[in-house]
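The structure appears right after this line, and notes come after that.
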Amino acid sequence: MPCGEYFTSYGSRMGLFRWRIQRIALVLGLPIPFLAPLAVQGGLLSTITQIYIFAIAVLGLNVILGYAGEIVLAQGAFMAIGAYATTQILADGLAGVQIGLLPAIMIGGVLAAFVAIMFGIPSFRVKGFYIAISTLALQFISEWFFNNGQFEWLHGGTQQAVPAEVGLIGQWFTITGSEMQLYFISLVLMLLFALISLNLSRSGIGKVFRAIHDNDLAAAVLGVNVFRNKLLAFGIGGFMIGVAGGLFGYYIGFISPSYFTLELTLQHYVMLLFGGLGRVWGALLGVGIVTAIQEFLNRFLQSVAANATSLEPVFFGVIIIVVLAVEPKGILAALGQLKDYLRKWPFAY
């Protein structure tokens with residue numbers, strides 16, 4: 001008599017939550033982040049909020065790099081575009097009309113998506129590290145642009161304070177930028193984009209992205225418009241990163257080009273590779289674990305000596321090298337191997 005769980009239709013095989021244990025985990029785990037502010041306060045709550053914001057940005061990077069296989073080195077530039085556009089709209093309104101925080105963030109994401117598509121056009125002729133150089137140029141251009149006072153009429157100023165008291169939509173549902181409000185806004189947006197990313201990977205568009213990632217020449221032979229779908233990946237990922245940038249600007253309350261440098265791009269790459277490239281849960285897991293490691297190292301080194309914090313990149317780099325040497329596919333792949341082992345334990349087969 002057969003035992004275990006079996007798929008009896010393609011619908012169940014392609015379901016978002018395929019296994020019983022996944023549905024149980026969803027029911028038990030989903031209320032936890034909504035109840036967490038009751039037990040967590042102060043700096044820890046702020047850190048979790050930043051994790052949610054960076055998770056949105058890393059999910060956008062995962063669409064471009066993990067799904068479509070396009071190397072992008074302009075993560076900071078996309079976030080800067082979203083942050084400056086959102087701040088300008090919140091401060092001056094759109095055509096003199098205050099449209100609220102959420103529409104402003106979405107418009108910032110659209111602008112970031114447009115710029116991402118423009119700098120993704122070279123993918124028509126080049127790929128790999130060559131397209132990476134194209135996006136790296138955008139990173140340098142954005143830093144020069146936002147640091148240049150002559151373009152203040154366009155970007156609003158190199159350093160800007162973000163208005164704290166705004167409406168979520170128009171002038172309705174006014175918020176003041178408190179930690180609790182930022183936490184729930186970031187949580188809801190992160191869950192929304194995570195759900196979009198999960199469904200995108202199961203859709204026809206996601207499968208086309210995967211085909212381009214594996215072998216774009218073979219995909220073209222099968223009738224896939226490679227160039228158009230690469231630009232689509234740039235647009236979707238750029239939009240998500242731009243939204244994260246606008247939300248991050250509102251979160252810190254003050255924007256400056258120093259927040260959106262190449263270092264931020266490399267940090268998000270570490271988060272994605274650490275968790276697992278091409279997997280939504282890997283991106284979310286990587287952001288959380290890397291942020292926790294950074295916070296732990298910072299506090300530990302501060303307790304050792306006042307000037308020991310300068311060694312944080314060294315310790316952090318060693319940890320990353322060890323983890324990627326043990327499991328190059330990231331933490332999520334290691335957890336998958338552990339799950340497979342426990343599924344057949346104690347038998348050897």
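Identifiers in this document derive from the order of the structure tokens: chains are assigned A, B, ..., residues are numbered from 1 separately in each chain, and ligands are numbered from 1 in order of occurrence.
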
Per residue of stretch 87-134 of chain A within 9 Å of stretch 243-267 of chain A, record the nearest atom pair and its distance in Å to one decimal, counting only C-alpha atoms, with rows in chain order and ascending residue number, as a Markdown table.
```
| residue | atom | partner | partner_atom | distance |
| --- | --- | --- | --- | --- |
| A:Thr87 | CA | A:Gly249 | CA | 7.4 |
| A:Leu101 | CA | A:Leu247 | CA | 8.7 |
| A:Leu102 | CA | A:Leu247 | CA | 8.9 |
| A:Ala104 | CA | A:Gly246 | CA | 8.0 |
| A:Ile105 | CA | A:Gly246 | CA | 5.2 |
| A:Met106 | CA | A:Val243 | CA | 6.0 |
| A:Ile107 | CA | A:Val243 | CA | 8.2 |
| A:Gly108 | CA | A:Val243 | CA | 6.3 |
| A:Gly109 | CA | A:Val243 | CA | 4.6 |
| A:Val110 | CA | A:Val243 | CA | 8.3 |
| A:Ala112 | CA | A:Val243 | CA | 8.3 |
```

Checklist entry - If we count only C-alpha atoms, what is near A:Leu272 at a cut-off of 8 Å, once residues fewer than 6 positions away on the same chain are taken out, given as number ranges by chain? => result A: 58, 62, 282-283, 286-287

Please save C-alpha atoms of the selected residues as an mmCIF file, in the first residue's frame.
```cif
data_model
loop_
_atom_site.group_PDB
_atom_site.id
_atom_site.type_symbol
_atom_site.label_atom_id
_atom_site.label_comp_id
_atom_site.auth_asym_id
_atom_site.auth_seq_id
_atom_site.Cartn_x
_atom_site.Cartn_y
_atom_site.Cartn_z
ATOM 1 C CA VAL A 58 17.420 41.632 -3.288
ATOM 2 C CA ASN A 62 17.175 37.962 -8.039
ATOM 3 C CA GLY A 282 17.053 31.967 -0.559
ATOM 4 C CA ALA A 283 17.001 35.715 -1.131
ATOM 5 C CA GLY A 286 20.211 35.507 2.859
ATOM 6 C CA VAL A 287 19.130 39.042 3.764
#
```

Next on the checklist: If you run DSSP on the backbone here, which positions in stretch 213-338 of chain A get helix (DSSP H, G or I)? Please write them as a PyMOL selection string.
Outcome noted: chain A and resi 213-214+216-221+226-252+257-259+262-275+280-304+308-326+331-338

Checklist entry - Would you give me, as a ChimeraX atom specification, the residues in stretch 160-320 of chain A that DSSP reads as strand (DSSP E or B)? => result /A:160-161,166-169,172-175,254-255

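Take atom CA of A:Lys207 and atom CA of A:Ala68: the distance between them is 9.4 Å.
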
Item to check | Who sits within 10 Å of stretch 314-328 of chain A, only C-alpha atoms, same chain under 2 positions skipped, as number ranges by chain | outcome: A: 270-271, 273-277, 290, 293-294, 297-298, 301, 309-312, 330-334

If you keep C-alpha atoms, can you produce a file of those selected residues as a PDB file, in the first residue's frame?
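Writing the result to selection35.pdb gives the following:
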```
ATOM      1  CA  VAL A 270      26.512  38.775  -0.845  1.00  0.00           C
ATOM      2  CA  MET A 271      23.003  38.433   0.575  1.00  0.00           C
ATOM      3  CA  LEU A 273      24.598  34.419  -3.068  1.00  0.00           C
ATOM      4  CA  PHE A 274      24.645  33.554   0.628  1.00  0.00           C
ATOM      5  CA  GLY A 275      20.977  32.578   0.643  1.00  0.00           C
ATOM      6  CA  GLY A 276      20.751  30.918  -2.748  1.00  0.00           C
ATOM      7  CA  LEU A 277      20.789  32.381  -6.243  1.00  0.00           C
ATOM      8  CA  VAL A 290      23.738  38.342   6.586  1.00  0.00           C
ATOM      9  CA  ILE A 293      25.810  38.267  11.230  1.00  0.00           C
ATOM     10  CA  GLN A 294      26.785  41.880  10.613  1.00  0.00           C
ATOM     11  CA  LEU A 297      30.006  40.969  14.612  1.00  0.00           C
ATOM     12  CA  ASN A 298      29.620  44.696  15.175  1.00  0.00           C
ATOM     13  CA  LEU A 301      33.928  43.608  18.236  1.00  0.00           C
ATOM     14  CA  THR A 309      35.065  47.307  14.645  1.00  0.00           C
ATOM     15  CA  SER A 310      37.417  48.035  11.759  1.00  0.00           C
ATOM     16  CA  LEU A 311      38.012  44.264  11.573  1.00  0.00           C
ATOM     17  CA  GLU A 312      34.327  43.563  10.867  1.00  0.00           C
ATOM     18  CA  GLY A 330      23.850  28.919  -0.682  1.00  0.00           C
ATOM     19  CA  ILE A 331      22.247  28.197   2.652  1.00  0.00           C
ATOM     20  CA  LEU A 332      18.935  27.148   1.105  1.00  0.00           C
ATOM     21  CA  ALA A 333      20.598  24.331  -0.841  1.00  0.00           C
ATOM     22  CA  ALA A 334      22.282  23.113   2.349  1.00  0.00           C
TER      23      ALA A 334
END
```

Hey, what's within 9 Å of A:Val226 if we count only C-alpha atoms and toss same-chain stuff fewer than 4 positions away? As a PDB file with C-alpha atoms, in the first residue's frame, please?
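Result file is result-v5.pdb:
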```
ATOM      1  CA  PHE A 124      21.172  43.110 -27.551  1.00  0.00           C
ATOM      2  CA  VAL A 208      11.434  31.991 -20.386  1.00  0.00           C
ATOM      3  CA  PHE A 209      13.825  33.824 -18.041  1.00  0.00           C
ATOM      4  CA  ILE A 212      17.613  32.530 -21.282  1.00  0.00           C
ATOM      5  CA  ASP A 216      20.090  32.114 -24.588  1.00  0.00           C
ATOM      6  CA  LEU A 217      21.095  30.711 -27.995  1.00  0.00           C
ATOM      7  CA  ALA A 219      16.128  29.743 -26.234  1.00  0.00           C
ATOM      8  CA  ALA A 220      16.317  31.856 -29.394  1.00  0.00           C
ATOM      9  CA  LYS A 230      16.007  40.444 -21.094  1.00  0.00           C
ATOM     10  CA  LEU A 231      14.657  43.993 -21.081  1.00  0.00           C
TER      11      LEU A 231
END
```

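In terms of minimum interatomic distance to A:Ile71, A:Leu136 ranks closest within A:Leu136, A:Lys339, A:Ile185, A:Ile205, counting only C-alpha atoms.
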
Checklist entry - Leaving out A:Gly177 and any residue of its chain fewer than 2 positions from it, which residues lie within 10 Å of it when counting only C-alpha atoms, given as a ChimeraX atom specification? => result /A:163-166,174-175,179-183,250-253

Checklist entry - Do you know which residues are at most 12 Å from A:Ile48 counting only C-alpha atoms, after dropping those on the same chain fewer than 2 positions away, and could you put them as a ChimeraX atom specification? => result /A:33-34,36-37,40-46,50-55,179-180,182-184,186-187,190,251,284,287-289,291-292,295

Okay, now the selection with N, CA and C atoms, as a short mmCIF file (atom, residue, chain, number, x, y, z; two decimals), in the first residue's frame?
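selection.cif, written as the output of this step:
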```
data_model
loop_
_atom_site.label_atom_id
_atom_site.label_comp_id
_atom_site.auth_asym_id
_atom_site.auth_seq_id
_atom_site.Cartn_x
_atom_site.Cartn_y
_atom_site.Cartn_z
N PRO A 33 5.40 37.44 12.13
CA PRO A 33 5.89 38.81 11.88
C PRO A 33 4.89 39.90 12.21
N PHE A 34 3.59 39.58 12.16
CA PHE A 34 2.58 40.59 12.50
C PHE A 34 2.45 40.78 14.01
N ALA A 36 5.17 40.19 16.01
CA ALA A 36 6.51 40.47 16.53
C ALA A 36 6.66 41.83 17.20
N PRO A 37 6.04 42.92 16.68
CA PRO A 37 6.20 44.22 17.35
C PRO A 37 5.70 44.25 18.78
N VAL A 40 8.99 42.86 20.37
CA VAL A 40 10.26 43.46 19.96
C VAL A 40 10.09 44.97 19.86
N GLN A 41 11.02 45.70 20.42
CA GLN A 41 10.95 47.15 20.40
C GLN A 41 12.35 47.72 20.12
N GLY A 42 12.39 49.03 19.87
CA GLY A 42 13.67 49.73 19.78
C GLY A 42 14.48 49.38 18.55
N GLY A 43 15.80 49.22 18.78
CA GLY A 43 16.72 49.02 17.68
C GLY A 43 16.50 47.73 16.92
N LEU A 44 16.07 46.67 17.61
CA LEU A 44 15.83 45.40 16.93
C LEU A 44 14.68 45.50 15.95
N LEU A 45 13.62 46.22 16.32
CA LEU A 45 12.49 46.42 15.42
C LEU A 45 12.93 47.20 14.18
N SER A 46 13.78 48.20 14.37
CA SER A 46 14.29 48.97 13.25
C SER A 46 15.16 48.11 12.33
N GLN A 50 14.60 47.19 8.31
CA GLN A 50 15.62 47.32 7.25
C GLN A 50 15.78 46.00 6.51
N ILE A 51 15.66 44.88 7.20
CA ILE A 51 15.74 43.57 6.54
C ILE A 51 14.62 43.44 5.52
N TYR A 52 13.42 43.85 5.88
CA TYR A 52 12.29 43.77 4.95
C TYR A 52 12.55 44.62 3.71
N ILE A 53 13.09 45.84 3.91
CA ILE A 53 13.33 46.74 2.78
C ILE A 53 14.41 46.17 1.87
N PHE A 54 15.50 45.72 2.45
CA PHE A 54 16.57 45.14 1.64
C PHE A 54 16.12 43.85 0.96
N ALA A 55 15.18 43.13 1.59
CA ALA A 55 14.67 41.91 0.96
C ALA A 55 13.97 42.23 -0.35
N GLU A 179 8.34 53.94 14.12
CA GLU A 179 8.94 52.63 13.88
C GLU A 179 7.88 51.56 13.61
N MET A 180 6.78 51.62 14.35
CA MET A 180 5.72 50.63 14.17
C MET A 180 5.07 50.76 12.78
N LEU A 182 6.42 52.09 10.02
CA LEU A 182 7.40 51.67 9.02
C LEU A 182 7.53 50.15 8.97
N TYR A 183 7.47 49.54 10.13
CA TYR A 183 7.59 48.08 10.19
C TYR A 183 6.47 47.41 9.39
N PHE A 184 5.24 47.80 9.63
CA PHE A 184 4.12 47.13 8.96
C PHE A 184 4.05 47.47 7.48
N SER A 186 6.66 48.11 5.54
CA SER A 186 7.73 47.33 4.92
C SER A 186 7.38 45.86 4.87
N LEU A 187 6.75 45.35 5.93
CA LEU A 187 6.37 43.93 5.97
C LEU A 187 5.36 43.60 4.87
N MET A 190 7.01 43.77 1.45
CA MET A 190 7.91 42.64 1.25
C MET A 190 7.15 41.36 0.95
N TYR A 251 12.51 55.45 5.22
CA TYR A 251 12.89 54.76 6.46
C TYR A 251 14.00 55.51 7.21
N LEU A 284 15.37 35.85 0.67
CA LEU A 284 14.87 36.31 1.96
C LEU A 284 15.74 35.80 3.11
N VAL A 287 19.20 37.69 3.20
CA VAL A 287 19.13 39.04 3.76
C VAL A 287 19.08 38.97 5.29
N GLY A 288 18.24 38.10 5.82
CA GLY A 288 18.11 37.99 7.26
C GLY A 288 19.38 37.51 7.94
N ILE A 289 20.01 36.46 7.39
CA ILE A 289 21.19 35.90 8.03
C ILE A 289 22.39 36.85 7.93
N THR A 291 22.40 40.13 7.58
CA THR A 291 22.18 41.28 8.47
C THR A 291 22.42 40.88 9.92
N ALA A 292 21.95 39.70 10.32
CA ALA A 292 22.15 39.24 11.70
C ALA A 292 23.63 39.03 11.99
N GLU A 295 25.27 42.46 12.44
CA GLU A 295 24.94 43.05 13.74
C GLU A 295 25.69 42.36 14.87
#
```

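One finds atom CA of A:Gly204 at 16.5 Å from atom CA of A:Arg279.
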